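Engineer: One structure, pasted below without further comment.
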Amino acid sequence: MQLELTLKWDKVFPKNDQVHHEKVVFHNRYGIDLAADLYRPQDCKPDAKLAALAVSGPFGAVKEQASGLYAQEMASRGFLALAFDPSFTGESGGAPRYMASPDINTEDFQAAVDYLSCRSDVDCDRIGIIGICGWGGLALNAAAIDVRVKATIVSTMYDMSRIAAKGYFDAQDSPESRHEARKQFCEDRTRDYRTGAYPRSGGVVDPLPADAPDFVKQYHAYYKTPRGYHPRSLNSNDGWTNIGTMSFLNQPILCWAGEITSAVMVAHGSEAHSLYMGRDAFAQLNGSNKQFVEVAGATHCDLYDNYDFIPFDTMQAFLEENL
């Protein structure tokens, strides 16, 4: 399929003139074309082979938001960085729209590694990945299966399978709760097939109810305001389809995290509601090349775009050591 790519700068963060930016397209093994922003240091030599990074997340965001910010920043620090829209979202291909899949989204990371490995300006022995929020768990899943990934950073991570199966803070961790979720998904599937339509479940709630939890208020402050709103972002607008995340319910993504032999950094804010997921994921990892960074005072969304909290210096040092 022919993708329609926006060529103007439409990111939610300022452009760094010390970084070269261009749009690129690559495909995954399911034949889905993925749209990406490629960031490269302006001052690198034409024949240089750079360490490279594939970046995605948060879950329900687009590359014009946090992943692009991370990619541009890492390019300013000497890396070639690729921020991509996952399958079925943003400017990437895939239909029906606004679907998610533990398998396909892990494959999206691997396809990005395919693409980077075949670029003449990339050292294919020095490729890493960065996953933000829900794409942190997917990055760990990709690192567990893809030995070409030499270093992984997960920032303010979610384990989407855990959320789907157990709810926030594991509050719905029961066979009965999961059965009710399955019933609702299946009713929705029947309706969608009958009508040929795929209703969306709604993005971040707007307007905010008075009793909204703090973390929902933090999401609203990012996705629903000029700080982070983007017209292609699922979270900023109408969200996933009602059945879009169903497969996370019974497909755990961190089963083999303990067998990741490459380097991994888990970075999380001390005040993030999701901190328990980062800590628990890190506890599954093995080896001396694993690092946990707890950012004092940071909430979940602070690590989306707040330069006062995102530990870019620490991330750079970690990547330089392990790539």
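Ligands are numbered from 1 in the order shown, chains are lettered A, B, ... in the order of the structure tokens, and residues start at 1 in each chain.
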Listing only residues of stretch 82-194 of chain A within 10 Å of stretch 15-24 of chain A, what is the closest atom pair and its distance in Å (to one decimal) for each, using only C-alpha atoms, sorted by chain and residue number ascending, as a tab-separated table?
Structural biologist:
```
residue	atom	partner	partner_atom	distance
A:Leu82	CA	A:Val24	CA	8.9
A:Ala83	CA	A:Lys23	CA	9.8
A:Phe84	CA	A:Val24	CA	9.1
```
Engineer: Take the residues from that selection and write them out as a PDB file, in the first residue's frame, keeping N, CA, C and O atoms.
Structural biologist:
```
ATOM      1  N   LEU A  82      15.737   5.816  14.778  1.00  0.00           N
ATOM      2  CA  LEU A  82      14.551   5.610  13.951  1.00  0.00           C
ATOM      3  C   LEU A  82      13.337   5.539  14.869  1.00  0.00           C
ATOM      4  O   LEU A  82      13.186   4.594  15.645  1.00  0.00           O
ATOM      5  N   ALA A  83      12.460   6.539  14.800  1.00  0.00           N
ATOM      6  CA  ALA A  83      11.193   6.511  15.541  1.00  0.00           C
ATOM      7  C   ALA A  83      10.088   6.114  14.576  1.00  0.00           C
ATOM      8  O   ALA A  83       9.898   6.772  13.550  1.00  0.00           O
ATOM      9  N   PHE A  84       9.375   5.034  14.880  1.00  0.00           N
ATOM     10  CA  PHE A  84       8.397   4.520  13.915  1.00  0.00           C
ATOM     11  C   PHE A  84       7.002   4.423  14.515  1.00  0.00           C
ATOM     12  O   PHE A  84       6.827   4.279  15.732  1.00  0.00           O
TER      13      PHE A  84
END
```
Engineer: Near A:Ser236, within 7 Å and counting only C-alpha atoms, which residues show up once chain neighbours fewer than 3 positions away are dropped, as a list in words?
Structural biologist: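 Everything that qualifies: Gly203, Val204, Tyr223, Lys224, Tyr229, His230 and Ser233 of chain A.
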Engineer: Can you list, as a PyMOL selection string, every protein, DNA or RNA residue that comes within 8 Å of A:Arg40 when you count only C-alpha atoms, leaving out same-chain residues fewer than 2 positions away?
Structural biologist: chain A and resi 19-21+38+42+72+75-76+78-81
Engineer: Using only C-alpha atoms, what table do you get, as a Markdown table, when you list each residue of stretch 230-316 of chain A with an atom no more than 10 Å from stretch 58-61 of chain A, its nearest pair of atoms, and their distance in Å rounded to one decimal, rows by chain then rising number?
Structural biologist:
```
| residue | atom | partner | partner_atom | distance |
| --- | --- | --- | --- | --- |
| A:His230 | CA | A:Ala61 | CA | 8.6 |
| A:Arg232 | CA | A:Ala61 | CA | 8.2 |
| A:Ser233 | CA | A:Ala61 | CA | 5.0 |
| A:Leu234 | CA | A:Gly60 | CA | 5.0 |
| A:Asn235 | CA | A:Gly60 | CA | 5.3 |
| A:Ser236 | CA | A:Ala61 | CA | 7.9 |
| A:Asn237 | CA | A:Gly60 | CA | 9.8 |
| A:Gly239 | CA | A:Gly60 | CA | 7.0 |
| A:Trp240 | CA | A:Gly60 | CA | 7.4 |
| A:Cys301 | CA | A:Pro58 | CA | 9.8 |
| A:Tyr304 | CA | A:Pro58 | CA | 8.1 |
```
Engineer: If you measure from atom CA of A:Thr314 to atom CA of A:Ser120, what distance in Å do you get, rounded to one decimal?
Structural biologist: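 So the two atoms, atom CA of A:Thr314 and atom CA of A:Ser120, lie 28.0 Å apart.
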Engineer: Compile the contact shell of A:Gly258 as an MDAnalysis selection string: residues with an atom at most 7 Å away, counting only C-alpha atoms, same-chain residues fewer than 2 positions apart removed.
Structural biologist: chainID A and resid 256 260 284:286
Engineer: Quick one: residues within 7 Å of A:Cys133, only C-alpha atoms, excluding same-chain residues fewer than 6 positions away - as a ChimeraX atom specification?
Structural biologist: /A:57-59,155-158
Engineer: Residues of the last selection are to be written out with N, CA, C and O atoms, as a compact mmCIF listing (two decimals), in the first residue's frame.
Structural biologist:
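And here's part.txt as it stands now:
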```txt
# COMPACT_ATOMS: atom_id res chain seq x y z
N GLY A 57 6.76 3.96 21.04
CA GLY A 57 5.98 4.14 22.25
C GLY A 57 5.68 5.61 22.48
O GLY A 57 6.20 6.47 21.80
N PRO A 58 4.85 5.88 23.43
CA PRO A 58 4.06 5.01 24.29
C PRO A 58 2.96 4.24 23.54
O PRO A 58 2.76 4.46 22.35
N PHE A 59 2.29 3.38 24.25
CA PHE A 59 1.23 2.56 23.69
C PHE A 59 0.03 3.46 23.37
O PHE A 59 -0.57 4.05 24.26
N SER A 155 11.69 2.67 29.13
CA SER A 155 11.47 3.87 29.92
C SER A 155 10.02 3.97 30.34
O SER A 155 9.12 3.84 29.51
N THR A 156 9.80 4.16 31.63
CA THR A 156 8.47 4.29 32.23
C THR A 156 7.52 3.21 31.69
O THR A 156 6.42 3.46 31.24
N MET A 157 7.97 1.96 31.78
CA MET A 157 7.36 0.85 31.04
C MET A 157 6.04 0.36 31.63
O MET A 157 5.79 0.43 32.83
N TYR A 158 5.22 -0.13 30.74
CA TYR A 158 4.04 -0.93 31.04
C TYR A 158 4.27 -2.34 30.51
O TYR A 158 4.89 -2.52 29.46
```
Engineer: What lies within 12 Å of A:Glu4 using only C-alpha atoms, ignoring chain neighbours under 5 positions off, as a ChimeraX atom specification?
Structural biologist: /A:23-25,33-36,90-93
Engineer: Would you kindly return, as a JSON list (two decimals) with all heavy atoms, in the first residue's frame, each protein, DNA or RNA residue with an atom no farther than 10 Å from any atom of A:Cys186, considering only C-alpha atoms and excluding same-chain residues fewer than 6 positions away?
Structural biologist:
```json
[["chain", "number", "residue", "atom", "x", "y", "z"],
["A", 180, "GLU", "N", -15.12, -12.24, 32.34],
["A", 180, "GLU", "CA", -16.00, -11.13, 31.95],
["A", 180, "GLU", "C", -15.38, -10.31, 30.83],
["A", 180, "GLU", "O", -16.08, -9.86, 29.92],
["A", 180, "GLU", "CB", -16.30, -10.24, 33.17],
["A", 180, "GLU", "CG", -17.23, -10.88, 34.19],
["A", 180, "GLU", "CD", -18.55, -11.32, 33.57],
["A", 180, "GLU", "OE1", -19.16, -10.50, 32.84],
["A", 180, "GLU", "OE2", -18.97, -12.47, 33.79],
["A", 192, "ASP", "N", -18.99, -6.46, 15.53],
["A", 192, "ASP", "CA", -18.14, -5.82, 14.52],
["A", 192, "ASP", "C", -18.17, -6.60, 13.21],
["A", 192, "ASP", "O", -18.20, -6.02, 12.12],
["A", 192, "ASP", "CB", -16.70, -5.71, 15.03],
["A", 192, "ASP", "CG", -16.57, -4.73, 16.19],
["A", 192, "ASP", "OD1", -17.58, -4.07, 16.53],
["A", 192, "ASP", "OD2", -15.47, -4.63, 16.76],
["A", 243, "ILE", "N", -12.00, -3.97, 20.15],
["A", 243, "ILE", "CA", -11.38, -5.30, 20.20],
["A", 243, "ILE", "C", -9.89, -5.24, 19.89],
["A", 243, "ILE", "O", -9.23, -6.27, 19.78],
["A", 243, "ILE", "CB", -12.08, -6.27, 19.22],
["A", 243, "ILE", "CG1", -11.93, -5.80, 17.77],
["A", 243, "ILE", "CG2", -13.55, -6.43, 19.60],
["A", 243, "ILE", "CD1", -12.42, -6.82, 16.75],
["A", 246, "MET", "N", -7.42, -7.11, 22.38],
["A", 246, "MET", "CA", -7.91, -8.37, 22.96],
["A", 246, "MET", "C", -6.81, -9.40, 23.16],
["A", 246, "MET", "O", -6.76, -10.09, 24.18],
["A", 246, "MET", "CB", -9.02, -8.95, 22.08],
["A", 246, "MET", "CG", -9.58, -10.26, 22.59],
["A", 246, "MET", "SD", -10.90, -10.89, 21.52],
["A", 246, "MET", "CE", -11.41, -12.35, 22.44]]
```
Engineer: Can you pull out every residue from stretch 58-150 of chain A that DSSP, working from the backbone, puts in helix (DSSP H, G or I), and format the result as number ranges by chain?
Structural biologist: A: 66-76, 102-117, 134-145
Engineer: Name the residues of stretch 2-166 of chain A that come out as strand (DSSP E) in a backbone DSSP run; write them as an MDAnalysis selection string.
Structural biologist: chainID A and resid 19:27 33:41 50:56 80:84 122:132 149:155
Engineer: May I ask which of the residues A:Leu5, A:Ser177, A:Ser270, A:Val264 is the closest one to A:Phe282, counting only C-alpha atoms?
Structural biologist: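 Going through A:Leu5, A:Ser177, A:Ser270, A:Val264 one by one, the smallest distance to A:Phe282 is for A:Val264.
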Engineer: Pick out the closest residue to A:Leu319 from this set: A:Arg189, A:Pro213, A:Ser262, A:Met160. Count only C-alpha atoms.
Structural biologist: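 Checking each of A:Arg189, A:Pro213, A:Ser262, A:Met160 against A:Leu319, counting only C-alpha atoms, the winner is A:Ser262.
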